[in-house]
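Structure first, then comments.
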Amino acid sequence: QGSSSEPPNPPIGLSAVDECRLCPASSPTQLCTMSALVRITTGIMAQHSRVGVSRAMAQFGEVIHCHKPPYSGIPGEDFVNVRFASQDAADRAYAALKAGQVFIDGFQVGVGPAPGSGKGGGGDMMSIGNGVR
């Protein structure tokens, strides 16, 4: 069939997480160690999209992944995970979210327990890093 300019298919079981462009040595047995996660826990609404959240959070640094589960409407249950390329970007985003300075589509979002959720402070510790700077 001749030569092709397309790269060969990745091995079965290899995902985009395994092929992180920030970690050239990644393999199926290694986790990406060059990114940090922030979980937005308040103000998430049905109309918020993954793309909209990514755009809003990009002001703090490079967003490499955004996960928004389907909207439940249950107070304290809805969240969005945003993975940044650096811990510094995640720290800046977390500080702004905690201070109530982040708006997505005109609505304030943040971190911490949802008002009236009765869940205590469980959502307040969500600048998850790996210690790599």
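Following the order of the structure tokens, chains are lettered A, B, ..., residues in each are numbered from 1, and ligands are numbered from 1.
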
Non-local contacts of Asn81 in chain A (6 Å; only C-alpha atoms; under 4 positions in same chain excluded) as number ranges by chain: A: 38-39, 66-67

File of the preceding selection, N, CA, C and O atoms, as a compact mmCIF listing (two decimals), in the first residue's frame:
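Done, and the output landed in result-v5.txt:
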```txt
# COMPACT_ATOMS: atom_id res chain seq x y z
N VAL A 38 -7.78 21.92 39.72
CA VAL A 38 -8.62 22.77 40.55
C VAL A 38 -10.05 22.33 40.32
O VAL A 38 -10.48 22.15 39.17
N ARG A 39 -10.81 22.18 41.40
CA ARG A 39 -12.22 21.79 41.29
C ARG A 39 -13.08 22.98 41.64
O ARG A 39 -13.01 23.51 42.75
N CYS A 66 -10.50 19.94 30.85
CA CYS A 66 -11.62 20.39 31.65
C CYS A 66 -12.68 19.29 31.63
O CYS A 66 -13.04 18.81 30.56
N HIS A 67 -13.14 18.89 32.81
CA HIS A 67 -14.15 17.84 32.91
C HIS A 67 -15.38 18.41 33.62
O HIS A 67 -15.29 18.86 34.75
```

Hey, which bits of range 54-77 of chain A sit within 10 Å of range 93-98 of chain A, and for each residue what's the closest pair of atoms and how far apart in Å (one decimal), counting only C-alpha atoms, rows by chain and increasing number, as CSV?
```
residue,atom,partner,partner_atom,distance
A:Met57,CA,A:Ala93,CA,7.0
A:Ala58,CA,A:Ala93,CA,9.0
A:Gln59,CA,A:Ala93,CA,8.4
A:Phe60,CA,A:Ala93,CA,5.6
A:Gly61,CA,A:Ala93,CA,8.3
```

Selection near Arg55 in chain A, 12 Å with only C-alpha atoms, sequence-local residues under 2 positions removed, as a ChimeraX atom specification: /A:48-53,57-66,82,102-105

Residue among A:Ala36, A:Ile74, A:Ala85, A:Ala99 lying closest to Val111 in chain A, counting only C-alpha atoms: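 The answer is A:Ala99, which sits nearest to Val111 in chain A.
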
Nearest-residue call for Arg92 in chain A, choices A:Leu37, A:Gly106, A:Val80, A:Gln47, using only C-alpha atoms: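 That would be A:Leu37, the residue with the smallest distance to Arg92 in chain A.
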
d(CA of Ile40 in chain A, CA of Ser86 in chain A) in Å: 17.0 Å

For Lys68 in chain A, the nearest of the candidates A:Ala56, A:Ile44, A:Val109, A:Ala89, counting only C-alpha atoms: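 Checking each of A:Ala56, A:Ile44, A:Val109, A:Ala89 against Lys68 in chain A, counting only C-alpha atoms, the winner is A:Ile44.
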
Between CA of Phe107 in chain A and CA of Glu77 in chain A - distance in Å to one decimal: 17.5 Å

Two-atom distance - CA of Thr42 in chain A, CA of Gly110 in chain A (Å):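 Taking CA of Thr42 in chain A and CA of Gly110 in chain A, their separation equals 5.0 Å.
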